[in-house]
file final.pdb (PDB, C-alpha atoms, pLDDT in the B column)
ATOM      1  CA  MET P   6      23.773  12.241  25.872  1.00 74.00           C
ATOM      2  CA  THR P   7      26.399   9.510  25.639  1.00 73.00           C
ATOM      3  CA  ALA P   8      28.698  11.867  23.726  1.00 77.00           C
ATOM      4  CA  ILE P   9      28.561  14.411  26.556  1.00 82.00           C
ATOM      5  CA  VAL P  10      29.311  11.723  29.143  1.00 79.00           C
ATOM      6  CA  ALA P  11      32.201  10.433  27.015  1.00 80.00           C
ATOM      7  CA  LEU P  12      33.680  13.926  26.545  1.00 82.00           C
ATOM      8  CA  THR P  13      33.351  14.708  30.256  1.00 85.00           C
ATOM      9  CA  ALA P  14      34.931  11.399  31.290  1.00 83.00           C
ATOM     10  CA  GLY P  15      37.689  11.910  28.734  1.00 82.00           C
ATOM     11  CA  LYS P  16      38.514  15.357  30.049  1.00 83.00           C
ATOM     12  CA  PHE P  17      38.322  14.739  33.808  1.00 86.00           C
ATOM     13  CA  LEU P  18      39.340  11.070  34.027  1.00 86.00           C
ATOM     14  CA  GLY P  19      41.719  10.961  31.089  1.00 84.00           C
ATOM     15  CA  TRP P  20      39.687   8.318  29.285  1.00 82.00           C
ATOM     16  CA  SER P  21      40.252   9.654  25.792  1.00 81.00           C
ATOM     17  CA  TRP P  22      39.333   6.268  24.302  1.00 84.00           C
ATOM     18  CA  LEU P  23      35.705   6.637  25.524  1.00 83.00           C
ATOM     19  CA  ASP P  24      34.734   9.251  22.908  1.00 80.00           C
ATOM     20  CA  PRO P  25      35.464   7.044  19.863  1.00 84.00           C
ATOM     21  CA  VAL P  26      33.774   4.093  21.582  1.00 86.00           C
ATOM     22  CA  MET P  27      30.619   6.184  22.081  1.00 85.00           C
ATOM     23  CA  GLY P  28      30.840   7.200  18.412  1.00 85.00           C
ATOM     24  CA  VAL P  29      30.772   3.529  17.399  1.00 90.00           C
ATOM     25  CA  VAL P  30      27.897   2.793  19.813  1.00 88.00           C
ATOM     26  CA  GLY P  31      25.950   5.775  18.454  1.00 87.00           C
ATOM     27  CA  SER P  32      26.477   4.681  14.867  1.00 91.00           C
ATOM     28  CA  ALA P  33      25.269   1.169  15.748  1.00 93.00           C
ATOM     29  CA  VAL P  34      22.092   2.597  17.294  1.00 92.00           C
ATOM     30  CA  VAL P  35      21.459   4.778  14.230  1.00 94.00           C
ATOM     31  CA  SER P  36      22.135   1.807  11.905  1.00 95.00           C
ATOM     32  CA  VAL P  37      19.599  -0.388  13.706  1.00 95.00           C
ATOM     33  CA  TRP P  38      17.033   2.414  13.592  1.00 94.00           C
ATOM     34  CA  ALA P  39      17.698   3.090   9.889  1.00 94.00           C
ATOM     35  CA  TYR P  40      17.384  -0.597   8.997  1.00 93.00           C
ATOM     36  CA  GLY P  41      13.990  -0.778  10.736  1.00 90.00           C
ATOM     37  CA  LEU P  42      12.847   2.379   8.981  1.00 89.00           C
ATOM     38  CA  VAL P  43      13.833   1.084   5.534  1.00 88.00           C
ATOM     39  CA  ARG P  44      12.276  -2.332   6.250  1.00 83.00           C
ATOM     40  CA  ASP P  45       8.974  -0.805   7.384  1.00 79.00           C
ATOM     41  CA  THR P  46       8.666   1.857   4.671  1.00 79.00           C
ATOM     42  CA  SER P  47      10.120   0.172   1.584  1.00 79.00           C
ATOM     43  CA  GLY P  48       6.751  -1.380   0.659  1.00 73.00           C
ATOM     44  CA  ILE P  49       5.087   2.018   0.817  1.00 73.00           C
ATOM     45  CA  LEU P  50       7.828   3.718  -1.184  1.00 77.00           C
ATOM     46  CA  LEU P  51       7.754   0.993  -3.851  1.00 76.00           C
ATOM     47  CA  ASP P  52       3.927   0.974  -4.136  1.00 70.00           C
ATOM     48  CA  ARG P  53       3.818  -2.668  -3.146  1.00 72.00           C
ATOM     49  CA  THR P  54       0.793  -4.512  -1.779  1.00 69.00           C
ATOM     50  CA  PRO P  55       1.818  -6.408   1.350  1.00 68.00           C
ATOM     51  CA  GLU P  56       1.635 -10.150   0.836  1.00 69.00           C
ATOM     52  CA  SER P  57      -0.483 -10.448   3.965  1.00 70.00           C
ATOM     53  CA  SER P  58      -3.244  -8.283   2.438  1.00 75.00           C
ATOM     54  CA  ASP P  59      -6.232  -9.965   0.834  1.00 83.00           C
ATOM     55  CA  LEU P  60      -7.638  -6.605  -0.257  1.00 85.00           C
ATOM     56  CA  PRO P  61      -7.145  -7.132  -4.038  1.00 86.00           C
ATOM     57  CA  ASN P  62      -9.054 -10.423  -3.906  1.00 87.00           C
ATOM     58  CA  GLU P  63     -11.808  -8.882  -1.789  1.00 87.00           C
ATOM     59  CA  ILE P  64     -12.247  -6.005  -4.263  1.00 87.00           C
ATOM     60  CA  ARG P  65     -12.351  -8.414  -7.212  1.00 88.00           C
ATOM     61  CA  ARG P  66     -14.872 -10.709  -5.475  1.00 87.00           C
ATOM     62  CA  ALA P  67     -17.120  -7.790  -4.471  1.00 85.00           C
ATOM     63  CA  ILE P  68     -17.350  -6.487  -8.036  1.00 85.00           C
ATOM     64  CA  GLU P  69     -17.552  -9.800  -9.866  1.00 84.00           C
ATOM     65  CA  SER P  70     -20.092 -11.355  -7.482  1.00 81.00           C
ATOM     66  CA  ASP P  71     -22.435  -8.364  -7.574  1.00 68.00           C
ATOM     67  CA  GLY P  72     -24.636 -10.063 -10.182  1.00 68.00           C
ATOM     68  CA  ALA P  73     -24.157  -7.321 -12.768  1.00 63.00           C
ATOM     69  CA  LYS P  74     -21.952  -9.467 -15.015  1.00 80.00           C
ATOM     70  CA  ALA P  75     -19.023  -7.152 -14.422  1.00 84.00           C
ATOM     71  CA  GLU P  76     -15.421  -8.210 -14.778  1.00 87.00           C
ATOM     72  CA  VAL P  77     -12.337  -6.605 -13.273  1.00 90.00           C
ATOM     73  CA  THR P  78      -9.885  -6.252 -16.144  1.00 91.00           C
ATOM     74  CA  ASP P  79      -7.178  -4.347 -14.274  1.00 92.00           C
ATOM     75  CA  LEU P  80      -6.594  -3.943 -10.564  1.00 91.00           C
ATOM     76  CA  HIS P  81      -3.699  -2.316  -8.785  1.00 90.00           C
ATOM     77  CA  VAL P  82      -3.665  -1.948  -4.998  1.00 89.00           C
ATOM     78  CA  TRP P  83      -0.766  -0.377  -3.167  1.00 87.00           C
ATOM     79  CA  GLN P  84       0.055   0.772   0.320  1.00 84.00           C
ATOM     80  CA  VAL P  85       0.163   4.544   0.851  1.00 84.00           C
ATOM     81  CA  SER P  86       0.825   4.570   4.606  1.00 81.00           C
ATOM     82  CA  THR P  87       0.605   2.265   7.581  1.00 78.00           C
ATOM     83  CA  ARG P  88      -2.480   0.085   7.054  1.00 82.00           C
ATOM     84  CA  LYS P  89      -3.848   2.472   4.381  1.00 86.00           C
ATOM     85  CA  PHE P  90      -4.206   1.554   0.708  1.00 88.00           C
ATOM     86  CA  ALA P  91      -5.078   3.093  -2.640  1.00 90.00           C
ATOM     87  CA  ALA P  92      -6.523   1.247  -5.629  1.00 92.00           C
ATOM     88  CA  ILE P  93      -7.146   1.636  -9.331  1.00 93.00           C
ATOM     89  CA  VAL P  94      -9.888  -0.642 -10.665  1.00 93.00           C
ATOM     90  CA  SER P  95     -10.862  -1.069 -14.306  1.00 94.00           C
ATOM     91  CA  ILE P  96     -14.229  -2.747 -14.847  1.00 92.00           C
ATOM     92  CA  VAL P  97     -15.928  -4.005 -18.004  1.00 92.00           C
ATOM     93  CA  ALA P  98     -19.656  -4.710 -17.771  1.00 88.00           C
ATOM     94  CA  HIS P  99     -22.511  -5.531 -20.135  1.00 85.00           C
ATOM     95  CA  GLU P 100     -24.764  -3.218 -18.144  1.00 83.00           C
ATOM     96  CA  PRO P 101     -22.404  -0.804 -16.418  1.00 84.00           C
ATOM     97  CA  LYS P 102     -23.509   0.864 -13.220  1.00 86.00           C
ATOM     98  CA  PRO P 103     -22.481   4.319 -12.033  1.00 88.00           C
ATOM     99  CA  VAL P 104     -19.022   4.488 -10.448  1.00 87.00           C
ATOM    100  CA  GLU P 105     -20.511   5.235  -7.023  1.00 90.00           C
ATOM    101  CA  THR P 106     -22.416   1.930  -7.120  1.00 87.00           C
ATOM    102  CA  TYR P 107     -19.168   0.009  -7.515  1.00 87.00           C
ATOM    103  CA  ARG P 108     -17.465   2.166  -4.903  1.00 87.00           C
ATOM    104  CA  GLU P 109     -20.170   1.232  -2.377  1.00 88.00           C
ATOM    105  CA  LEU P 110     -19.290  -2.461  -2.782  1.00 86.00           C
ATOM    106  CA  PHE P 111     -16.093  -1.990  -0.794  1.00 83.00           C
ATOM    107  CA  ARG P 112     -16.979   1.036   1.338  1.00 84.00           C
ATOM    108  CA  GLU P 113     -16.624  -1.197   4.434  1.00 86.00           C
ATOM    109  CA  HIS P 114     -12.866  -1.345   3.867  1.00 87.00           C
ATOM    110  CA  GLU P 115     -11.738   1.660   5.896  1.00 89.00           C
ATOM    111  CA  GLU P 116      -8.127   0.878   5.006  1.00 88.00           C
ATOM    112  CA  LEU P 117      -8.929   1.751   1.372  1.00 89.00           C
ATOM    113  CA  VAL P 118      -8.489   5.536   1.443  1.00 91.00           C
ATOM    114  CA  HIS P 119      -8.240   6.400  -2.255  1.00 91.00           C
ATOM    115  CA  VAL P 120      -9.933   4.552  -5.112  1.00 91.00           C
ATOM    116  CA  THR P 121     -10.005   5.333  -8.812  1.00 92.00           C
ATOM    117  CA  ILE P 122     -12.624   3.383 -10.766  1.00 92.00           C
ATOM    118  CA  GLU P 123     -12.922   3.181 -14.533  1.00 93.00           C
ATOM    119  CA  VAL P 124     -16.016   1.537 -15.998  1.00 91.00           C
ATOM    120  CA  GLN P 125     -16.203   0.440 -19.638  1.00 89.00           C
ATOM    121  CA  HIS P 126     -19.246  -0.852 -21.473  1.00 88.00           C
ATOM    122  CA  CYS P 127     -18.791  -4.279 -23.063  1.00 83.00           C
ATOM    123  CA  HIS P 128     -20.177  -4.059 -26.609  1.00 75.00           C
ATOM    124  CA  ASP P 129     -19.387  -7.677 -27.583  1.00 66.00           C
ATOM    125  CA  HIS P 130     -22.552  -8.963 -25.951  1.00 50.00           C
ATOM    126  CA  GLU P 131     -24.793  -6.482 -27.813  1.00 52.00           C
ATOM    127  CA  GLU P 132     -23.153  -7.226 -31.174  1.00 49.00           C
ATOM    128  CA  SER P 133     -23.700 -10.964 -30.795  1.00 44.00           C
ATOM    129  CA  HIS P 134     -27.410 -10.356 -30.144  1.00 46.00           C
ATOM    130  CA  ALA P 135     -27.679  -8.042 -33.148  1.00 46.00           C
ATOM    131  CA  HIS P 136     -26.156 -10.677 -35.455  1.00 45.00           C
ATOM    132  CA  SER P 137     -28.377 -13.466 -34.161  1.00 44.00           C
ATOM    133  CA  ALA P 138     -31.629 -11.478 -34.603  1.00 46.00           C
TER     134      ALA P 138
END
call {"tool": "encode", "arguments": {"input": "final.pdb", "output": "structure tokens"}}
result
Amino acid sequence: MTAIVALTAGKFLGWSWLDPVMGVVGSAVVSVWAYGLVRDTSGILLDRTPESSDLPNEIRRAIESDGAKAEVTDLHVWQVSTRKFAAIVSIVAHEPKPVETYRELFREHEELVHVTIEVQHCHDHEESHAHSA
């Protein structure tokens, strides 16, 4: 819109300087918009967990405090869109439960939209009992 006004004023009023000025103003507006876009989306594009999110700690606490003697050995949480996250959780347990049981532990987190869970059985505990018997 400003370009049309500048061209019209340049033609009818002889203000030929107005068109380049509007070009500079337009580029400033686009630059401010682009900076905001990059600032707001860079965390998503780089698969980064926002520092303000306590979601990784909440996932770890939910699994490790379940009483099943499970340990989170690998956890990666990243932002996939505005206030939406994905996670990969690797769990080692002496008595592993089905994946759905672990998934239920953090079902209340609606911001967690995609979760991959890997459960491994810890054999160290069984071997130590076999040697002591």
call {"tool": "residues_around", "arguments": {"input": "final.pdb", "residues": "range 7-15 of chain P", "least_positions_apart": "3", "cutoff": "8 Å", "atoms": "only C-alpha atoms", "output": "MDAnalysis selection string"}}
result
chainID P and resid 18:24 27:28
call {"tool": "atom_distance", "arguments": {"input": "final.pdb", "atom1": "CA of Leu80 in chain P", "atom2": "CA of Arg66 in chain P"}}
result
11.8 Å
call {"tool": "resolve_selection", "arguments": {"input": "final.pdb", "expression": "the PyMOL selection byres ((chain P and resi 81-88) around 9)", "output": "VMD selection string"}}
result
chain P and resid 45 to 46 48 to 55 60 to 61 79 to 80 89 to 94 116 to 118
call {"tool": "atom_distance", "arguments": {"input": "final.pdb", "atom1": "CA of Glu105 in chain P", "atom2": "CA of Asp59 in chain P"}}
result
22.3 Å
call {"tool": "atom_distance", "arguments": {"input": "final.pdb", "atom1": "CA of Ser57 in chain P", "atom2": "CA of Ile122 in chain P"}}
result
23.6 Å
call {"tool": "resolve_selection", "arguments": {"input": "final.pdb", "expression": "the PyMOL selection byres ((chain P and resi 107-109) around 10)", "output": "PyMOL selection string"}}
result
chain P and resi 64+67-68+71+75+94+96+101-106+110-114+120-124
call {"tool": "axis_aligned_box", "arguments": {"input": "final.pdb", "around": "range 9-18 of chain P", "padding_each_side": "3 Å", "output": "lines of an AutoDock Vina configuration file"}}
result
center_x = 34.0
center_y = 12.9
center_z = 30.3
size_x = 16.8
size_y = 10.9
size_z = 13.5
